[in-house]
file work-v4.tsv (TSV, C-alpha atoms)
chain	number	residue	atom	x	y	z
A	18	MET	CA	-5.57	-11.32	-15.48
A	19	LEU	CA	-4.04	-7.97	-16.49
A	20	GLU	CA	-0.36	-7.81	-17.40
A	21	ILE	CA	2.30	-5.12	-17.15
A	22	LYS	CA	5.57	-5.36	-19.05
A	23	VAL	CA	8.68	-3.79	-17.56
A	24	LYS	CA	11.93	-3.39	-19.47
A	25	THR	CA	14.68	-3.20	-16.91
A	26	ALA	CA	17.84	-1.29	-17.77
A	27	SER	CA	20.66	-2.93	-15.83
A	28	ARG	CA	21.62	-6.12	-14.01
A	29	VAL	CA	20.14	-5.01	-10.71
A	30	GLU	CA	17.47	-2.36	-10.43
A	31	ALA	CA	14.69	-1.41	-8.03
A	32	ARG	CA	12.09	-0.27	-10.54
A	33	ASN	CA	9.15	1.72	-9.17
A	34	ILE	CA	6.04	0.26	-10.84
A	35	THR	CA	3.41	1.93	-8.64
A	36	ASN	CA	2.09	4.13	-11.44
A	37	ASP	CA	2.13	1.27	-13.98
A	38	VAL	CA	0.02	-0.82	-11.61
A	39	ALA	CA	-2.36	2.08	-10.94
A	40	ARG	CA	-2.81	2.64	-14.68
A	41	ALA	CA	-3.53	-1.05	-15.32
A	42	LEU	CA	-6.25	-0.92	-12.65
A	43	LYS	CA	-8.25	1.92	-14.19
A	44	ASN	CA	-11.96	1.00	-14.20
A	45	GLU	CA	-11.40	-2.02	-11.95
A	46	GLU	CA	-13.38	-2.63	-8.79
A	47	GLY	CA	-12.57	-4.71	-5.74
A	48	ALA	CA	-10.90	-4.70	-2.33
A	49	LEU	CA	-7.43	-6.16	-2.91
A	50	VAL	CA	-4.90	-6.13	-5.74
A	51	TYR	CA	-2.85	-9.25	-6.40
A	52	LEU	CA	0.52	-8.89	-8.16
A	53	PHE	CA	2.57	-11.83	-9.42
A	54	THR	CA	5.79	-12.01	-11.38
A	55	PRO	CA	6.26	-15.34	-13.23
A	56	HIS	CA	10.09	-15.28	-13.11
A	57	THR	CA	12.74	-16.79	-10.83
A	58	THR	CA	15.42	-14.07	-10.84
A	59	CYS	CA	13.38	-10.99	-9.95
A	60	GLY	CA	10.95	-10.18	-7.15
A	61	LEU	CA	8.33	-7.76	-5.87
A	62	LEU	CA	8.66	-5.51	-2.83
A	63	ILE	CA	6.83	-2.71	-1.10
A	64	ASN	CA	8.98	0.04	0.37
A	65	GLU	CA	9.65	3.77	0.37
A	66	ASP	CA	8.55	5.80	-2.64
A	67	ALA	CA	10.07	9.12	-1.42
A	68	ASP	CA	13.88	9.07	-1.00
A	69	PRO	CA	15.35	6.80	-3.74
A	70	ALA	CA	18.33	6.16	-1.44
A	71	VAL	CA	16.11	3.73	0.49
A	72	MET	CA	15.68	1.33	-2.43
A	73	SER	CA	19.37	1.72	-3.23
A	74	ASP	CA	20.23	0.72	0.36
A	75	ILE	CA	17.88	-2.27	0.10
A	76	MET	CA	19.53	-3.44	-3.12
A	77	ASP	CA	23.01	-2.91	-1.65
A	78	ALA	CA	22.06	-4.94	1.42
A	79	LEU	CA	20.82	-7.82	-0.74
A	80	ASN	CA	24.08	-7.69	-2.70
A	81	ARG	CA	26.08	-7.81	0.54
A	82	LEU	CA	24.05	-10.73	1.93
A	83	VAL	CA	24.10	-12.66	-1.37
A	84	PRO	CA	27.20	-11.68	-3.35
A	85	ARG	CA	27.24	-12.36	-7.07
A	86	ASN	CA	30.80	-13.66	-6.91
A	87	HIS	CA	30.58	-16.71	-4.75
A	88	THR	CA	31.09	-20.35	-5.77
A	89	TYR	CA	27.55	-21.50	-6.53
A	90	LYS	CA	26.51	-24.89	-7.97
A	91	HIS	CA	24.15	-23.39	-10.56
A	92	ALA	CA	26.47	-22.68	-13.47
A	93	GLU	CA	24.61	-19.90	-15.30
A	94	GLY	CA	26.18	-17.07	-13.32
A	95	ASN	CA	22.89	-15.89	-11.84
A	96	ALA	CA	22.53	-18.05	-8.73
A	97	ASP	CA	22.64	-14.90	-6.60
A	98	ALA	CA	19.58	-13.60	-8.48
A	99	HIS	CA	17.59	-16.77	-7.74
A	100	ILE	CA	18.48	-16.48	-4.05
A	101	LYS	CA	17.58	-12.78	-3.87
A	102	SER	CA	14.23	-13.42	-5.56
A	103	SER	CA	13.55	-16.07	-2.90
A	104	LEU	CA	14.20	-13.52	-0.15
A	105	THR	CA	11.86	-10.91	-1.67
A	106	GLY	CA	9.14	-13.21	-3.01
A	107	HIS	CA	7.13	-13.18	-6.24
A	108	SER	CA	3.74	-11.84	-5.21
A	109	LEU	CA	2.12	-8.97	-3.30
A	110	LEU	CA	-1.40	-8.36	-2.04
A	111	VAL	CA	-2.25	-4.68	-1.69
A	112	PRO	CA	-5.40	-2.89	-0.43
A	113	PHE	CA	-7.56	-1.35	-3.16
A	114	SER	CA	-10.36	1.10	-2.45
A	115	GLY	CA	-12.54	3.25	-4.69
A	116	GLY	CA	-10.57	2.19	-7.75
A	117	ARG	CA	-7.20	3.19	-6.27
A	118	LEU	CA	-4.28	1.44	-4.62
A	119	ALA	CA	-4.62	2.11	-0.90
A	120	LEU	CA	-0.93	2.01	-0.04
A	121	GLY	CA	0.51	3.73	3.02
A	122	THR	CA	1.72	7.33	2.67
A	123	TRP	CA	5.34	6.38	2.02
A	124	GLN	CA	4.81	3.07	0.26
A	125	GLY	CA	5.47	2.27	-3.39
A	126	ILE	CA	5.56	-1.00	-5.33
A	127	PHE	CA	8.89	-2.11	-6.78
A	128	LEU	CA	9.97	-4.76	-9.25
A	129	MET	CA	13.34	-5.94	-7.98
A	130	GLU	CA	15.47	-6.91	-10.97
A	131	PHE	CA	18.38	-9.14	-10.00
A	132	ASP	CA	19.45	-10.49	-13.40
A	133	GLY	CA	18.70	-7.85	-16.02
A	134	PRO	CA	18.44	-6.14	-18.25
A	135	ARG	CA	15.34	-8.07	-19.38
A	136	GLU	CA	11.68	-7.63	-20.15
A	137	ARG	CA	9.73	-8.70	-17.10
A	138	LYS	CA	6.03	-9.43	-16.71
A	139	VAL	CA	3.91	-8.53	-13.73
A	140	GLN	CA	0.40	-10.01	-13.62
A	141	VAL	CA	-2.28	-7.99	-11.88
A	142	ALA	CA	-5.73	-9.08	-10.68
A	143	VAL	CA	-8.36	-7.53	-8.45
A	144	LEU	CA	-10.00	-9.57	-5.69
A	145	ARG	CA	-13.46	-8.65	-4.45
B	2	MET	CA	-11.32	-2.84	6.25
B	3	LEU	CA	-10.82	-3.23	10.01
B	4	GLU	CA	-7.86	-1.57	11.70
B	5	ILE	CA	-5.74	-2.40	14.72
B	6	LYS	CA	-3.45	0.15	16.34
B	7	VAL	CA	-0.29	-1.02	18.05
B	8	LYS	CA	1.89	1.23	20.21
B	9	THR	CA	5.34	-0.25	20.18
B	10	ALA	CA	7.60	0.37	23.18
B	11	SER	CA	11.15	0.32	21.86
B	12	ARG	CA	13.21	0.66	18.67
B	13	VAL	CA	12.97	-3.01	17.79
B	14	GLU	CA	10.24	-5.26	19.10
B	15	ALA	CA	8.50	-8.45	18.03
B	16	ARG	CA	4.98	-7.66	19.23
B	17	ASN	CA	2.54	-10.55	19.44
B	18	ILE	CA	-0.72	-9.28	17.90
B	19	THR	CA	-2.50	-12.64	17.58
B	20	ASN	CA	-5.12	-11.77	20.22
B	21	ASP	CA	-5.63	-8.25	18.83
B	22	VAL	CA	-6.32	-9.73	15.40
B	23	ALA	CA	-8.67	-12.36	16.85
B	24	ARG	CA	-10.63	-9.66	18.74
B	25	ALA	CA	-10.97	-7.48	15.61
B	26	LEU	CA	-12.42	-10.47	13.75
B	27	LYS	CA	-15.27	-11.15	16.19
B	28	ASN	CA	-18.50	-11.69	14.24
B	29	GLU	CA	-16.68	-11.88	10.90
B	30	GLU	CA	-17.16	-14.73	8.43
B	31	GLY	CA	-14.93	-16.00	5.68
B	32	ALA	CA	-12.10	-18.37	4.80
B	33	LEU	CA	-8.94	-16.24	4.90
B	34	VAL	CA	-7.75	-13.25	6.88
B	35	TYR	CA	-5.67	-10.60	5.15
B	36	LEU	CA	-3.33	-8.42	7.24
B	37	PHE	CA	-1.50	-5.38	5.89
B	38	THR	CA	0.70	-2.81	7.56
B	39	PRO	CA	0.92	0.50	5.63
B	40	HIS	CA	4.43	1.40	6.83
B	41	THR	CA	7.95	0.99	5.45
B	42	THR	CA	9.97	0.36	8.63
B	43	CYS	CA	8.01	-2.46	10.24
B	44	GLY	CA	6.76	-5.81	9.00
B	45	LEU	CA	4.50	-8.77	9.72
B	46	LEU	CA	5.62	-12.32	10.49
B	47	ILE	CA	4.21	-15.63	11.59
B	48	ASN	CA	6.32	-17.64	14.01
B	49	GLU	CA	6.36	-19.32	17.39
B	50	ASP	CA	3.90	-18.14	20.03
B	51	ALA	CA	5.26	-20.38	22.83
B	52	ASP	CA	8.89	-19.70	23.83
B	53	PRO	CA	9.52	-15.91	23.51
B	54	ALA	CA	13.21	-16.69	22.93
B	55	VAL	CA	12.30	-17.68	19.35
B	56	MET	CA	11.14	-14.18	18.38
B	57	SER	CA	14.14	-12.72	20.21
B	58	ASP	CA	16.46	-14.95	18.16
B	59	ILE	CA	14.66	-13.89	14.95
B	60	MET	CA	15.10	-10.21	15.81
B	61	ASP	CA	18.76	-10.74	16.76
B	62	ALA	CA	19.39	-12.53	13.44
B	63	LEU	CA	17.86	-9.64	11.48
B	64	ASN	CA	20.05	-7.23	13.44
B	65	ARG	CA	23.12	-9.29	12.62
B	66	LEU	CA	22.26	-9.54	8.92
B	67	VAL	CA	21.32	-5.85	8.65
B	68	PRO	CA	23.23	-3.86	11.28
B	69	ARG	CA	21.94	-0.42	12.27
B	70	ASN	CA	25.44	1.03	12.21
B	71	HIS	CA	26.52	0.70	8.63
B	72	THR	CA	27.14	3.50	6.12
B	73	TYR	CA	23.79	3.74	4.32
B	74	LYS	CA	22.79	6.33	1.71
B	75	HIS	CA	19.43	7.10	3.30
B	76	ALA	CA	20.33	9.76	5.85
B	77	GLU	CA	17.51	9.40	8.38
B	78	GLY	CA	19.28	6.77	10.48
B	79	ASN	CA	16.67	4.07	9.84
B	80	ALA	CA	17.87	2.49	6.58
B	81	ASP	CA	18.32	-0.81	8.43
B	82	ALA	CA	14.62	-0.72	9.36
B	83	HIS	CA	13.56	-0.28	5.71
B	84	ILE	CA	15.75	-3.24	4.72
B	85	LYS	CA	14.45	-5.46	7.52
B	86	SER	CA	10.84	-4.65	6.63
B	87	SER	CA	11.65	-5.71	3.04
B	88	LEU	CA	12.91	-9.07	4.30
B	89	THR	CA	9.80	-9.74	6.41
B	90	GLY	CA	7.15	-8.20	4.13
B	91	HIS	CA	4.07	-6.11	4.88
B	92	SER	CA	1.18	-8.53	4.51
B	93	LEU	CA	0.01	-11.96	5.66
B	94	LEU	CA	-2.80	-14.24	4.56
B	95	VAL	CA	-3.99	-16.60	7.29
B	96	PRO	CA	-6.62	-19.36	7.30
B	97	PHE	CA	-9.88	-18.46	9.07
B	98	SER	CA	-12.53	-21.01	10.00
B	99	GLY	CA	-15.71	-20.80	12.06
B	100	GLY	CA	-14.92	-17.22	13.03
B	101	ARG	CA	-11.44	-18.05	14.34
B	102	LEU	CA	-7.87	-17.76	13.09
B	103	ALA	CA	-6.87	-21.26	12.01
B	104	LEU	CA	-3.16	-20.93	12.73
B	105	GLY	CA	-0.91	-23.92	13.39
B	106	THR	CA	-0.50	-25.11	16.99
B	107	TRP	CA	2.69	-23.13	17.59
B	108	GLN	CA	2.02	-20.17	15.32
B	109	GLY	CA	1.34	-16.59	16.35
B	110	ILE	CA	1.17	-13.33	14.40
B	111	PHE	CA	3.81	-10.70	15.09
B	112	LEU	CA	4.24	-7.06	14.20
B	113	MET	CA	7.97	-6.62	13.72
B	114	GLU	CA	8.90	-3.10	14.82
B	115	PHE	CA	12.26	-2.01	13.42
B	116	ASP	CA	12.11	1.77	14.01
B	117	GLY	CA	10.01	2.41	17.10
B	118	PRO	CA	8.67	3.33	19.42
B	119	ARG	CA	5.71	4.39	17.25
B	120	GLU	CA	2.01	3.84	16.81
B	121	ARG	CA	1.58	1.32	13.99
B	122	LYS	CA	-1.53	0.39	12.04
B	123	VAL	CA	-2.45	-3.10	10.90
B	124	GLN	CA	-5.38	-3.39	8.50
B	125	VAL	CA	-7.45	-6.55	8.65
B	126	ALA	CA	-9.95	-7.92	6.15
B	127	VAL	CA	-11.74	-11.24	5.71
B	128	LEU	CA	-11.86	-12.94	2.32
B	129	ARG	CA	-14.67	-15.33	1.49
C	13	MET	CA	-9.47	-26.50	2.74
C	14	LEU	CA	-7.51	-29.27	1.01
C	15	GLU	CA	-4.39	-30.68	2.66
C	16	ILE	CA	-1.17	-32.18	1.37
C	17	LYS	CA	1.15	-34.19	3.60
C	18	VAL	CA	4.86	-34.17	2.88
C	19	LYS	CA	7.35	-36.49	4.61
C	20	THR	CA	10.71	-34.81	4.45
C	21	ALA	CA	13.82	-36.98	4.45
C	22	SER	CA	16.56	-34.92	6.08
C	23	ARG	CA	17.17	-31.92	8.34
C	24	VAL	CA	17.14	-29.42	5.49
C	25	GLU	CA	15.50	-30.11	2.15
C	26	ALA	CA	13.98	-28.12	-0.68
C	27	ARG	CA	11.10	-30.44	-1.61
C	28	ASN	CA	9.41	-29.82	-4.93
C	29	ILE	CA	5.66	-30.05	-4.24
C	30	THR	CA	4.41	-28.61	-7.54
C	31	ASN	CA	2.91	-31.90	-8.70
C	32	ASP	CA	1.38	-32.65	-5.30
C	33	VAL	CA	-0.34	-29.28	-5.35
C	34	ALA	CA	-1.53	-29.78	-8.94
C	35	ARG	CA	-2.99	-33.20	-8.03
C	36	ALA	CA	-4.82	-31.80	-4.99
C	37	LEU	CA	-6.42	-29.17	-7.24
C	38	LYS	CA	-7.96	-31.60	-9.74
C	39	ASN	CA	-11.58	-30.60	-10.39
C	40	GLU	CA	-11.19	-27.26	-8.62
C	41	GLU	CA	-12.14	-23.95	-10.19
C	42	GLY	CA	-10.97	-20.44	-9.42
C	43	ALA	CA	-8.40	-17.79	-10.18
C	44	LEU	CA	-5.80	-18.08	-7.40
C	45	VAL	CA	-4.39	-20.87	-5.30
C	46	TYR	CA	-3.57	-20.20	-1.66
C	47	LEU	CA	-0.96	-22.38	0.07
C	48	PHE	CA	-0.28	-22.29	3.79
C	49	THR	CA	1.99	-24.36	6.01
C	50	PRO	CA	0.94	-24.36	9.69
C	51	HIS	CA	4.46	-24.88	11.07
C	52	THR	CA	7.20	-22.57	12.40
C	53	THR	CA	10.36	-24.33	11.19
C	54	CYS	CA	9.62	-24.80	7.50
C	55	GLY	CA	8.50	-22.44	4.75
C	56	LEU	CA	7.18	-22.16	1.21
C	57	LEU	CA	9.03	-20.73	-1.79
C	58	ILE	CA	8.66	-20.37	-5.51
C	59	ASN	CA	11.82	-20.81	-7.55
C	60	GLU	CA	13.42	-22.76	-10.37
C	61	ASP	CA	12.01	-26.17	-11.23
C	62	ALA	CA	14.66	-27.02	-13.88
C	63	ASP	CA	18.26	-27.22	-12.55
C	64	PRO	CA	18.13	-28.65	-8.99
C	65	ALA	CA	21.39	-26.80	-8.26
C	66	VAL	CA	19.33	-23.61	-7.90
C	67	MET	CA	17.37	-24.84	-4.88
C	68	SER	CA	20.58	-26.28	-3.45
C	69	ASP	CA	22.24	-22.85	-3.78
C	70	ILE	CA	19.21	-21.22	-2.11
C	71	MET	CA	19.39	-23.64	0.81
C	72	ASP	CA	23.17	-23.17	1.11
C	73	ALA	CA	22.73	-19.39	1.15
C	74	LEU	CA	20.14	-19.62	3.94
C	75	ASN	CA	22.53	-21.84	5.91
C	76	ARG	CA	25.34	-19.31	5.45
C	77	LEU	CA	23.15	-16.38	6.49
C	78	VAL	CA	21.64	-18.24	9.45
C	79	PRO	CA	24.09	-20.89	10.67
C	80	ARG	CA	22.78	-23.74	12.79
C	81	ASN	CA	25.73	-23.50	15.16
C	82	HIS	CA	25.38	-20.07	16.71
C	83	THR	CA	24.54	-19.24	20.32
C	84	TYR	CA	20.78	-18.77	20.23
C	85	LYS	CA	18.47	-18.16	23.20
C	86	HIS	CA	15.90	-20.76	22.13
C	87	ALA	CA	17.30	-23.94	23.64
C	88	GLU	CA	15.78	-26.63	21.40
C	89	GLY	CA	18.58	-26.57	18.83
C	90	ASN	CA	16.37	-25.40	15.98
C	91	ALA	CA	16.44	-21.60	16.34
C	92	ASP	CA	18.05	-21.38	12.90
C	93	ALA	CA	15.03	-23.18	11.43
C	94	HIS	CA	12.61	-20.67	12.98
C	95	ILE	CA	14.65	-17.79	11.56
C	96	LYS	CA	14.88	-19.35	8.08
C	97	SER	CA	11.12	-19.96	8.01
C	98	SER	CA	10.64	-16.27	8.84
C	99	LEU	CA	12.78	-15.30	5.84
C	100	THR	CA	10.86	-17.54	3.43
C	101	GLY	CA	7.35	-17.12	4.83
C	102	HIS	CA	4.52	-19.61	5.36
C	103	SER	CA	2.11	-18.87	2.53
C	104	LEU	CA	2.00	-18.43	-1.24
C	105	LEU	CA	-0.64	-17.13	-3.62
C	106	VAL	CA	-0.32	-18.53	-7.15
C	107	PRO	CA	-2.31	-17.88	-10.35
C	108	PHE	CA	-4.73	-20.66	-11.34
C	109	SER	CA	-6.40	-20.86	-14.70
C	110	GLY	CA	-8.51	-23.51	-16.41
C	111	GLY	CA	-7.97	-25.88	-13.50
C	112	ARG	CA	-4.17	-25.63	-13.66
C	113	LEU	CA	-1.45	-23.78	-11.75
C	114	ALA	CA	-0.41	-20.89	-13.98
C	115	LEU	CA	3.20	-20.65	-12.84
C	116	GLY	CA	5.94	-19.11	-14.96
C	117	THR	CA	7.89	-21.38	-17.33
C	118	TRP	CA	10.73	-22.01	-14.88
C	119	GLN	CA	8.80	-21.79	-11.62
C	120	GLY	CA	8.03	-24.59	-9.20
C	121	ILE	CA	6.63	-24.64	-5.66
C	122	PHE	CA	8.90	-25.84	-2.86
C	123	LEU	CA	8.40	-26.78	0.75
C	124	MET	CA	11.56	-25.61	2.49
C	125	GLU	CA	12.29	-28.02	5.35
C	126	PHE	CA	14.65	-26.51	7.92
C	127	ASP	CA	14.19	-28.91	10.85
C	128	GLY	CA	13.38	-32.33	9.45
C	129	PRO	CA	12.90	-35.06	8.87
C	130	ARG	CA	9.21	-34.59	9.73
C	131	GLU	CA	5.76	-34.94	8.29
C	132	ARG	CA	4.65	-31.48	7.16
C	133	LYS	CA	1.21	-30.24	6.18
C	134	VAL	CA	0.45	-27.81	3.39
C	135	GLN	CA	-3.10	-26.48	3.21
C	136	VAL	CA	-4.45	-25.59	-0.20
C	137	ALA	CA	-7.49	-23.51	-1.14
C	138	VAL	CA	-8.78	-21.99	-4.35
C	139	LEU	CA	-9.94	-18.37	-4.45
C	140	ARG	CA	-12.45	-17.25	-7.05
call {"tool": "encode", "arguments": {"input": "work-v4.tsv", "output": "structure tokens"}}
result
Amino acid sequence: MLEIKVKTASRVEARNITNDVARALKNEEGALVYLFTPHTTCGLLINEDADPAVMSDIMDALNRLVPRNHTYKHAEGNADAHIKSSLTGHSLLVPFSGGRLALGTWQGIFLMEFDGPRERKVQVAVLR
Amino acid sequence: MLEIKVKTASRVEARNITNDVARALKNEEGALVYLFTPHTTCGLLINEDADPAVMSDIMDALNRLVPRNHTYKHAEGNADAHIKSSLTGHSLLVPFSGGRLALGTWQGIFLMEFDGPRERKVQVAVLR
Amino acid sequence: MLEIKVKTASRVEARNITNDVARALKNEEGALVYLFTPHTTCGLLINEDADPAVMSDIMDALNRLVPRNHTYKHAEGNADAHIKSSLTGHSLLVPFSGGRLALGTWQGIFLMEFDGPRERKVQVAVLR
């Protein structure tokens, strides 16, 4: 399995990793790309890679739905991050064709950091 | 990769595509069916294919959690649709056996339109 | 496809099935594990397998976002469970290496029961 490392810069961040994934897949062959992040306070999402306001709106909505400052049982101060990562999920499966990610015109791949800054891993594998 | 086209009829719509997917898979062999929608304002979900009120309740809940009329940064008027498609996701992986979708008794496959009416694509592939 | 049966004990429950999945995979070989639950009122999630308060906070958050006592159209009294299962999803794809689940250090696999107690099925398959 290939691995990408992503250093996030702030507590919450929608980091566009589309190019990192494409680079990791150079010389690979197959029909689908599997992405997995082995953490519990970040997630993976596909959404718009054109206007950055879209990802900002998505992050704001998650913050509204799951506020950081609520009385949670988990005492480490990052319960909201665990909940947000459950709403986004930890894996993606993306079409791959001719050695390239076959995303839709407007789609990009994002690591959703909910408890940074940290170094995050994203594992990448090609399925035939 | 096979492709289904779905013309949605209104801004939001939970369109049952189970039969469309089954038709596209005629004569295919394998163990899992992969579905992917290459858009950023619709999604794919599995839920109940019996009482249509269930999908209506799911759509209503998404509208309550992510209202259309909120002050978003993305200025195209469909930020709520991007957020909803992030909550549902853009791909599914479904068991396939003997040339048929092996869904649970009550399960169906739905294209969740959040910014229609539009023509939407759903890509379909069989994994061995 | 392998199958795990899980008897849940209450209406809502985050049941850790990591060990059940690992046991079902004894003697299997491959690179990815596919999990699927053929129901419409439960889901599958990956999150923290250390402090149980995390899963309790996740369940509480889902109950806040989608309260049981709301006026839904679906008249069986479990519309909230259908909506919650749509937010979590019904399948997972997890790395598998050397005959073992290759989850992250803190990750576990959970069946999210939203309309129990019931006997739930989780289907398990290994992809090469």
call {"tool": "closest_residue", "arguments": {"input": "work-v4.tsv", "among": "B:Arg12, B:Lys6, B:His83, B:Arg65", "to": "chain A", "atoms": "only C-alpha atoms"}}
result
B:His83
call {"tool": "residues_near_point", "arguments": {"input": "work-v4.tsv", "point": "(19.8, -25.7, -11.6)", "cutoff": "10 Å", "atoms": "all atoms listed in the file", "output": "NGL selection string"}}
result
(:A and (90-93 or 96 or 99)) or (:C and (60-69))
call {"tool": "write_last_selection", "arguments": {"input": "work-v4.tsv", "atoms": "C-alpha atoms", "output": "PDB file, in the coordinates of the input"}}
result
ATOM      1  CA  LYS A  90      26.510 -24.890  -7.970  1.00  0.00           C
ATOM      2  CA  HIS A  91      24.150 -23.390 -10.560  1.00  0.00           C
ATOM      3  CA  ALA A  92      26.470 -22.680 -13.470  1.00  0.00           C
ATOM      4  CA  GLU A  93      24.610 -19.900 -15.300  1.00  0.00           C
ATOM      5  CA  ALA A  96      22.530 -18.050  -8.730  1.00  0.00           C
ATOM      6  CA  HIS A  99      17.590 -16.770  -7.740  1.00  0.00           C
TER       7      HIS A  99
ATOM      8  CA  GLU C  60      13.420 -22.760 -10.370  1.00  0.00           C
ATOM      9  CA  ASP C  61      12.010 -26.170 -11.230  1.00  0.00           C
ATOM     10  CA  ALA C  62      14.660 -27.020 -13.880  1.00  0.00           C
ATOM     11  CA  ASP C  63      18.260 -27.220 -12.550  1.00  0.00           C
ATOM     12  CA  PRO C  64      18.130 -28.650  -8.990  1.00  0.00           C
ATOM     13  CA  ALA C  65      21.390 -26.800  -8.260  1.00  0.00           C
ATOM     14  CA  VAL C  66      19.330 -23.610  -7.900  1.00  0.00           C
ATOM     15  CA  MET C  67      17.370 -24.840  -4.880  1.00  0.00           C
ATOM     16  CA  SER C  68      20.580 -26.280  -3.450  1.00  0.00           C
ATOM     17  CA  ASP C  69      22.240 -22.850  -3.780  1.00  0.00           C
TER      18      ASP C  69
END
call {"tool": "interface_residues", "arguments": {"input": "work-v4.tsv", "of": "chain B", "to": "chain A", "cutoff": "7 Å", "atoms": "all atoms listed in the file", "output": "ChimeraX atom specification"}}
result
/B:39-41,73-75,80,84,87-88
call {"tool": "write_last_selection", "arguments": {"input": "work-v4.tsv", "atoms": "C-alpha atoms", "output": "tab-separated table (two decimals), in the coordinates of the input"}}
result
chain	number	residue	atom	x	y	z
B	39	PRO	CA	0.92	0.50	5.63
B	40	HIS	CA	4.43	1.40	6.83
B	41	THR	CA	7.95	0.99	5.45
B	73	TYR	CA	23.79	3.74	4.32
B	74	LYS	CA	22.79	6.33	1.71
B	75	HIS	CA	19.43	7.10	3.30
B	80	ALA	CA	17.87	2.49	6.58
B	84	ILE	CA	15.75	-3.24	4.72
B	87	SER	CA	11.65	-5.71	3.04
B	88	LEU	CA	12.91	-9.07	4.30
call {"tool": "atom_distance", "arguments": {"input": "work-v4.tsv", "atom1": "CA of His87 (chain A)", "atom2": "CA of Phe131 (chain A)"}}
result
15.3 Å
call {"tool": "atom_distance", "arguments": {"input": "work-v4.tsv", "atom1": "CA of Arg101 (chain B)", "atom2": "CA of Val125 (chain B)"}}
result
13.4 Å
call {"tool": "atom_distance", "arguments": {"input": "work-v4.tsv", "atom1": "CA of Val83 (chain A)", "atom2": "CA of Val139 (chain A)"}}
result
24.0 Å
call {"tool": "closest_residue", "arguments": {"input": "work-v4.tsv", "among": "A:Ile21, A:Cys59, A:Leu118, A:Val143", "to": "Ile34 (chain A)", "atoms": "only C-alpha atoms"}}
result
A:Ile21
call {"tool": "residues_around", "arguments": {"input": "work-v4.tsv", "residues": "Asn17 (chain B)", "least_positions_apart": "5", "cutoff": "7 Å", "atoms": "all atoms listed in the file", "output": "PyMOL selection string"}}
result
chain B and resi 109-112
call {"tool": "axis_aligned_box", "arguments": {"input": "work-v4.tsv", "around": "region 34-47 of chain A", "padding_each_side": "3 Å", "output": "lines of an AutoDock Vina configuration file"}}
result
center_x = -3.7
center_y = -0.3
center_z = -10.5
size_x = 25.4
size_y = 14.8
size_z = 15.6
call {"tool": "residues_around", "arguments": {"input": "work-v4.tsv", "residues": "Gly133 (chain A)", "least_positions_apart": "3", "cutoff": "9 Å", "atoms": "all atoms listed in the file", "output": "VMD selection string"}}
result
chain A and resid 24 to 30 58 to 59 130 136
